[in-house]
2 protein chains.
Amino acid sequence: MRTIELRGKSVVLIDQTRLPHELKLVRCKSADEIVRAIKTMRIRGAPALGVAAAMALAITALRSRARNRETLLRELERAANKIRLTRPTAINPFVSLERVLSLAHATSGDAKGVRKAIVNEARRIADEDVETNRRIGKHGASLLTDGSVVLTHCNTGALACVDYGTALGVIRAAQDQGKKISVLATETRPLLQGARLTAWELMRDDIPVTLITDNMVGYCLSKKLVDAVIVGADRILSDGHLINKIGTYVLAVLAKHHSIPFYSVAPTSTFDLNSKVEDEVIEERKAEEVTTIGGRRIAPRGVPVLNPAFDITPPKLVSAFVTEKGIIWPPFEKNIRETIGDRQHFQNMIIGVLSASKNSKNNFTGCN
Amino acid sequence: MRTIELRGKSVVLIDQTRLPHELKLVRCKSADEIVRAIKTMRIRGAPALGVAAAMALAITALRSRARNRETLLRELERAANKIRLTRPTAINPFVSLERVLSLAHATSGDAKGVRKAIVNEARRIADEDVETNRRIGKHGASLLTDGSVVLTHCNTGALACVDYGTALGVIRAAQDQGKKISVLATETRPLLQGARLTAWELMRDDIPVTLITDNMVGYCLSKKLVDAVIVGADRILSDGHLINKIGTYVLAVLAKHHSIPFYSVAPTSTFDLNSKVEDEVIEERKAEEVTTIGGRRIAPRGVPVLNPAFDITPPKLVSAFVTEKGIIWPPFEKNIRETIGDRQHFQNMIIGVLSASKNSKNNFTGCN
């Protein structure tokens, strides 16, 4: 099955907090329930969050009792605002919300017509995600050769998307081309997406995977065990700054130190051509994610904690970005705009929404 | 109390696997029980392991029924051999075993006389450890200024020694000099010595500590939150190669990338002037340390794991070594020999023992 699906008037998703122990599905019947699923990391991964946002609007529309267009549009805006406040860093939900809302506003006719347009658009966004990842995989697979060992971080697989994956999609595509690829996966503290999700996905696909703790990456690179580092992206700026899961920057510095290529893999919807690096909001999550593991306390009660969910990797440490439109090499300033350029108009349209969301940053930083 | 003490005919030590939940003491009545305590990490930290090794011989002597010198010496050699096979990387236990055994062999007279000499020597080694750390602290404190924020790794405190600590000793000494120091402590997977032990020690001493996961170090350095990185050492080679807890190398590369000083703090007994970096044995520990936390499984059953306990940091990434004889700056090849030179003769004597131990490296690598 897909990681997230629209079924009837509900969204059904794999509860990623239960993996690898249990493959459990969760049914969300409202945007509020999707908000909770996102906040508690039942669903995570930038592309999957983009789809979840669109589907939240779809089920809002499907369950709405609005008799007229305007009431429905207001309900949709309210739902979108709640989604925007869940997690600030990944750009994908902001992009899909804007895409669905723009379509809703542009659709003439009554509530029924708008409802239908929205549901179709949410389904299209999900289908595009799968298709996009397949195209990304094909481009990226050219970077790997038979026998390559890839170091990856967090989970960028089917579970981070609707299916197939971004960085793991590249590995799957290389494997499909007959290349034997093996993977070193970092466990990715605090929430252990590497240990729980990436290891689980790759073992199911019979792709050889070896699990390491996050601090073993230096050892592995110094022992020449790694041919390439491949990660995903939560947001990529026009100059090539990469905002991704905490620990990505460590891998990028080490890869540069060891002259190993460092690739970030993401759909073009992850590029944010309007923001500047100094404006970026890094989500700070609650202390318990660090001081407990699976409900078990591992640190003294009351110890102060930092828990940034993401870090920022400067463009000079990135070898290339892999997208569905091809591989983007440096100079990034020029090549990102050339590749993503046709989204510029759309991005300009949504800049206001993004700014509004960023201004609410205090909502995210006080949760410790 | 001290981390490890000789009480009557037993060794009493703090069970470090129970911290921070419980301060529990363990009484070891034989060298075999100390071997188990070391293997299960009830006691850990290079200097503490050195003292544990000496005390294992002391209680072997105290409980021996040997009537003559030769029988006692044979029992001591057997006990020493078991200790040598516990953990291969930290040099300190090898050095103390050799120190105690040499004295035993050099002591004339009957079993009673040898027994007394050994017990006194073990007590002396423990007392010296405390005194050495105080001297290390005074030298190292000069590297920190009022308000310094220190990033540290693993546990290098009182719990890694008999008391006071090496890297944490430097922080304590600076604090004692009236400088306000605060600490960022990495949790240090897989065994979480940073989260469990360092945070606990520093909170008890009212030294401000903030806990982070191992992959947050890049974020902290890029945000300019850190003035110096200070770690301990399990073994330092004559050319300045530093063998220390897994993850140390990551910190060293990042510190260099951010032009932040990186110091390793250790007694001169940690220096191994005879081994070469290519001969180093990195202990590989069992997979369950990575795949479970506190008995709770965090990864799919059967996932392959790497679990090296240490990594090797090349001298070019080390700013200085802090010892009880002063701070050793580059060029290390020259300055280490000049500072530690008077141990050269002793080291030559023990090279045979070290080689013998290293040849048994297969004992350590097959435990996954």
# chains A, B, ... in the order shown; residues from 1 in each chain; ligands from 1
>>> residues_around(residues="B:Leu151", least_positions_apart="6", cutoff="7 Å", atoms="only C-alpha atoms", output="NGL selection string")
:B and (183-185 or 226 or 228-230)
>>> write_last_selection(atoms="N, CA and C atoms", output="mmCIF file, in the first residue's frame")
data_model
loop_
_atom_site.group_PDB
_atom_site.id
_atom_site.type_symbol
_atom_site.label_atom_id
_atom_site.label_comp_id
_atom_site.auth_asym_id
_atom_site.auth_seq_id
_atom_site.Cartn_x
_atom_site.Cartn_y
_atom_site.Cartn_z
ATOM 1 N N VAL B 183 28.417 23.700 29.627
ATOM 2 C CA VAL B 183 28.786 22.508 28.875
ATOM 3 C C VAL B 183 27.643 22.077 27.967
ATOM 4 N N LEU B 184 27.999 21.750 26.733
ATOM 5 C CA LEU B 184 27.093 21.021 25.849
ATOM 6 C C LEU B 184 27.576 19.577 25.856
ATOM 7 N N ALA B 185 26.718 18.648 26.242
ATOM 8 C CA ALA B 185 27.121 17.245 26.335
ATOM 9 C C ALA B 185 26.397 16.424 25.274
ATOM 10 N N VAL B 226 29.685 27.183 20.577
ATOM 11 C CA VAL B 226 30.754 26.434 21.244
ATOM 12 C C VAL B 226 32.089 27.182 21.131
ATOM 13 N N ALA B 228 35.061 25.687 22.665
ATOM 14 C CA ALA B 228 36.116 24.668 22.610
ATOM 15 C C ALA B 228 35.474 23.287 22.691
ATOM 16 N N VAL B 229 36.089 22.330 22.002
ATOM 17 C CA VAL B 229 35.684 20.930 22.128
ATOM 18 C C VAL B 229 36.727 20.245 23.001
ATOM 19 N N ILE B 230 36.292 19.579 24.061
ATOM 20 C CA ILE B 230 37.237 18.915 24.965
ATOM 21 C C ILE B 230 36.773 17.481 25.190
#
>>> interface_residues(of="chain A", to="chain B", cutoff="9 Å", atoms="only C-alpha atoms", output="PyMOL selection string")
chain A and resi 19-21+187-190+192+194-197+199-200+203+208-219+222+246-251+253-254+257+290-291+293-294+296-301+303-312
>>> select_by_dssp(residues="stretch 155-327 of chain B", states="strand (DSSP E)", output="number ranges by chain")
B: 182-186, 209-212, 228-231, 235-237, 242-245, 262-265, 271-272, 292-293, 296-297, 310-313, 320-323, 326-327
>>> select_by_dssp(residues="stretch 110-169 of chain B", states="alpha helix (DSSP H)", output="PyMOL selection string")
chain B and resi 111-141+167-169
>>> closest_residue(among="A:Arg65, A:Arg7, A:Arg42, A:Arg84", to="A:Ala122", atoms="only C-alpha atoms")
A:Arg7
>>> closest_residue(among="A:Pro47, A:Gly157, A:Gly8, A:Pro88", to="A:Ala173", atoms="only C-alpha atoms")
A:Gly157
>>> residues_around(residues="stretch 103-107 of chain B", least_positions_apart="5", cutoff="10 Å", atoms="only C-alpha atoms", output="CSV table (one decimal) with N, CA, C and O atoms, in the first residue's frame")
chain,number,residue,atom,x,y,z
B,69,ARG,N,55.8,-17.7,47.0
B,69,ARG,CA,55.9,-16.5,46.1
B,69,ARG,C,55.5,-17.0,44.6
B,69,ARG,O,54.7,-16.3,44.0
B,70,GLU,N,56.1,-18.1,44.2
B,70,GLU,CA,55.9,-18.5,42.8
B,70,GLU,C,54.4,-18.8,42.5
B,70,GLU,O,53.9,-18.4,41.4
B,72,LEU,N,51.8,-17.6,44.0
B,72,LEU,CA,51.1,-16.3,43.9
B,72,LEU,C,51.3,-15.6,42.6
B,72,LEU,O,50.4,-15.1,42.0
B,73,LEU,N,52.6,-15.5,42.2
B,73,LEU,CA,52.9,-14.8,40.9
B,73,LEU,C,52.2,-15.5,39.8
B,73,LEU,O,51.7,-14.8,38.9
B,76,LEU,N,48.6,-14.4,39.9
B,76,LEU,CA,48.5,-13.0,39.4
B,76,LEU,C,48.6,-12.9,37.9
B,76,LEU,O,47.8,-12.1,37.3
B,97,LEU,N,48.5,-3.1,34.9
B,97,LEU,CA,48.8,-4.5,35.1
B,97,LEU,C,50.3,-4.7,35.1
B,97,LEU,O,50.9,-5.3,36.0
B,98,GLU,N,51.0,-4.1,34.1
B,98,GLU,CA,52.4,-4.2,34.0
B,98,GLU,C,53.1,-3.6,35.2
B,98,GLU,O,54.1,-4.2,35.7
B,113,GLY,N,54.9,-10.8,51.7
B,113,GLY,CA,55.5,-9.6,51.3
B,113,GLY,C,55.0,-9.1,49.9
B,113,GLY,O,54.7,-7.9,49.7
B,114,VAL,N,54.9,-10.0,49.0
B,114,VAL,CA,54.5,-9.7,47.7
B,114,VAL,C,53.0,-9.1,47.7
B,114,VAL,O,52.7,-8.1,47.1
B,115,ARG,N,52.2,-9.9,48.5
B,115,ARG,CA,50.8,-9.5,48.7
B,115,ARG,C,50.7,-8.0,49.1
B,115,ARG,O,49.9,-7.2,48.6
B,116,LYS,N,51.4,-7.7,50.1
B,116,LYS,CA,51.4,-6.4,50.7
B,116,LYS,C,51.8,-5.3,49.7
B,116,LYS,O,51.2,-4.2,49.6
B,117,ALA,N,52.9,-5.6,49.0
B,117,ALA,CA,53.4,-4.7,48.0
B,117,ALA,C,52.4,-4.4,46.9
B,117,ALA,O,52.2,-3.2,46.5
B,118,ILE,N,51.7,-5.4,46.5
B,118,ILE,CA,50.7,-5.3,45.5
B,118,ILE,C,49.5,-4.5,45.9
B,118,ILE,O,49.0,-3.6,45.2
B,121,GLU,N,50.5,-0.9,46.0
B,121,GLU,CA,50.6,-0.3,44.7
B,121,GLU,C,49.3,0.0,44.1
B,121,GLU,O,49.1,1.0,43.4
>>> residues_around(residues="stretch 27-32 of chain A", least_positions_apart="6", cutoff="6 Å", atoms="only C-alpha atoms", output="PyMOL selection string")
chain A and resi 10-12+56
>>> residues_around(residues="B:Glu128", least_positions_apart="3", cutoff="12 Å", atoms="only C-alpha atoms", output="count of residues only")
25
>>> residues_around(residues="A:His139", least_positions_apart="2", cutoff="12 Å", atoms="only C-alpha atoms", output="ChimeraX atom specification")
/A:132-137,141-144,166-167,169-174,177,265-267,320-328
>>> write_last_selection(atoms="N, CA, C and O atoms", output="compact mmCIF listing (two decimals), in the first residue's frame")
# COMPACT_ATOMS: atom_id res chain seq x y z
N THR A 132 6.90 11.47 -9.77
CA THR A 132 8.08 12.33 -9.60
C THR A 132 9.24 11.54 -9.02
O THR A 132 10.38 11.65 -9.49
N ASN A 133 8.95 10.72 -7.99
CA ASN A 133 10.03 9.94 -7.38
C ASN A 133 10.64 8.95 -8.36
O ASN A 133 11.84 8.71 -8.33
N ARG A 134 9.80 8.37 -9.20
CA ARG A 134 10.34 7.44 -10.21
C ARG A 134 11.30 8.18 -11.15
O ARG A 134 12.36 7.69 -11.48
N ARG A 135 10.91 9.39 -11.54
CA ARG A 135 11.77 10.17 -12.44
C ARG A 135 13.06 10.59 -11.72
O ARG A 135 14.15 10.53 -12.27
N ILE A 136 12.91 11.02 -10.45
CA ILE A 136 14.09 11.36 -9.65
C ILE A 136 15.04 10.17 -9.59
O ILE A 136 16.24 10.30 -9.78
N GLY A 137 14.46 9.00 -9.32
CA GLY A 137 15.27 7.79 -9.19
C GLY A 137 16.09 7.52 -10.44
O GLY A 137 17.28 7.22 -10.36
N ALA A 141 20.05 7.52 -10.28
CA ALA A 141 20.72 6.22 -10.39
C ALA A 141 22.00 6.32 -11.22
O ALA A 141 22.94 5.54 -11.03
N SER A 142 22.05 7.30 -12.12
CA SER A 142 23.24 7.45 -12.96
C SER A 142 24.46 7.84 -12.13
O SER A 142 25.60 7.73 -12.58
N LEU A 143 24.22 8.33 -10.90
CA LEU A 143 25.35 8.75 -10.04
C LEU A 143 25.98 7.55 -9.33
O LEU A 143 27.04 7.69 -8.72
N LEU A 144 25.30 6.41 -9.36
CA LEU A 144 25.80 5.24 -8.62
C LEU A 144 26.28 4.18 -9.60
O LEU A 144 25.73 4.03 -10.70
N THR A 166 12.70 9.36 -2.15
CA THR A 166 13.58 10.31 -2.85
C THR A 166 15.00 9.75 -2.86
O THR A 166 15.41 9.13 -3.83
N ALA A 167 15.76 9.94 -1.76
CA ALA A 167 17.12 9.37 -1.72
C ALA A 167 17.05 7.84 -1.83
O ALA A 167 17.81 7.22 -2.58
N GLY A 169 14.69 6.28 -3.23
CA GLY A 169 14.22 6.05 -4.60
C GLY A 169 15.40 5.94 -5.56
O GLY A 169 15.40 5.11 -6.48
N VAL A 170 16.41 6.77 -5.37
CA VAL A 170 17.62 6.70 -6.20
C VAL A 170 18.28 5.33 -6.03
O VAL A 170 18.71 4.70 -7.01
N ILE A 171 18.35 4.88 -4.78
CA ILE A 171 18.97 3.58 -4.50
C ILE A 171 18.12 2.46 -5.13
O ILE A 171 18.65 1.54 -5.76
N ARG A 172 16.80 2.56 -4.98
CA ARG A 172 15.91 1.55 -5.58
C ARG A 172 16.07 1.54 -7.10
O ARG A 172 16.11 0.47 -7.72
N ALA A 173 16.15 2.72 -7.71
CA ALA A 173 16.27 2.80 -9.17
C ALA A 173 17.59 2.19 -9.63
O ALA A 173 17.63 1.47 -10.64
N ALA A 174 18.68 2.47 -8.89
CA ALA A 174 19.98 1.90 -9.26
C ALA A 174 19.92 0.38 -9.16
O ALA A 174 20.42 -0.35 -10.04
N GLN A 177 18.19 -1.10 -12.00
CA GLN A 177 19.03 -1.11 -13.20
C GLN A 177 20.05 -2.24 -13.15
O GLN A 177 20.90 -2.35 -14.04
N VAL A 265 18.48 14.79 -2.54
CA VAL A 265 17.50 14.31 -3.52
C VAL A 265 16.12 14.80 -3.11
O VAL A 265 15.69 14.55 -1.98
N ALA A 266 15.43 15.48 -4.01
CA ALA A 266 14.12 16.04 -3.65
C ALA A 266 13.37 16.46 -4.91
O ALA A 266 13.98 16.84 -5.91
N PRO A 267 12.05 16.41 -4.85
CA PRO A 267 11.26 16.95 -5.96
C PRO A 267 11.44 18.46 -6.05
O PRO A 267 11.79 19.11 -5.05
N ALA A 320 25.57 18.00 -5.62
CA ALA A 320 24.50 18.19 -6.60
C ALA A 320 23.15 17.93 -5.94
O ALA A 320 23.07 17.25 -4.91
N PHE A 321 22.11 18.50 -6.54
CA PHE A 321 20.73 18.19 -6.15
C PHE A 321 20.13 17.32 -7.25
O PHE A 321 20.31 17.60 -8.44
N VAL A 322 19.43 16.27 -6.83
CA VAL A 322 18.79 15.38 -7.80
C VAL A 322 17.29 15.63 -7.76
O VAL A 322 16.67 15.51 -6.70
N THR A 323 16.72 16.03 -8.89
CA THR A 323 15.28 16.32 -8.97
C THR A 323 14.67 15.53 -10.12
O THR A 323 15.38 14.90 -10.89
N GLU A 324 13.33 15.63 -10.21
CA GLU A 324 12.66 14.93 -11.32
C GLU A 324 12.96 15.59 -12.66
O GLU A 324 12.73 15.01 -13.71
N LYS A 325 13.47 16.82 -12.62
CA LYS A 325 13.83 17.50 -13.86
C LYS A 325 15.29 17.30 -14.23
O LYS A 325 15.80 17.92 -15.17
N GLY A 326 15.99 16.50 -13.45
CA GLY A 326 17.40 16.24 -13.75
C GLY A 326 18.29 16.59 -12.56
O GLY A 326 17.81 17.02 -11.51
N ILE A 327 19.58 16.40 -12.77
CA ILE A 327 20.55 16.67 -11.71
C ILE A 327 21.01 18.12 -11.84
O ILE A 327 21.34 18.58 -12.93
N ILE A 328 20.98 18.82 -10.72
CA ILE A 328 21.42 20.23 -10.73
C ILE A 328 22.81 20.31 -10.12
O ILE A 328 23.00 20.01 -8.94
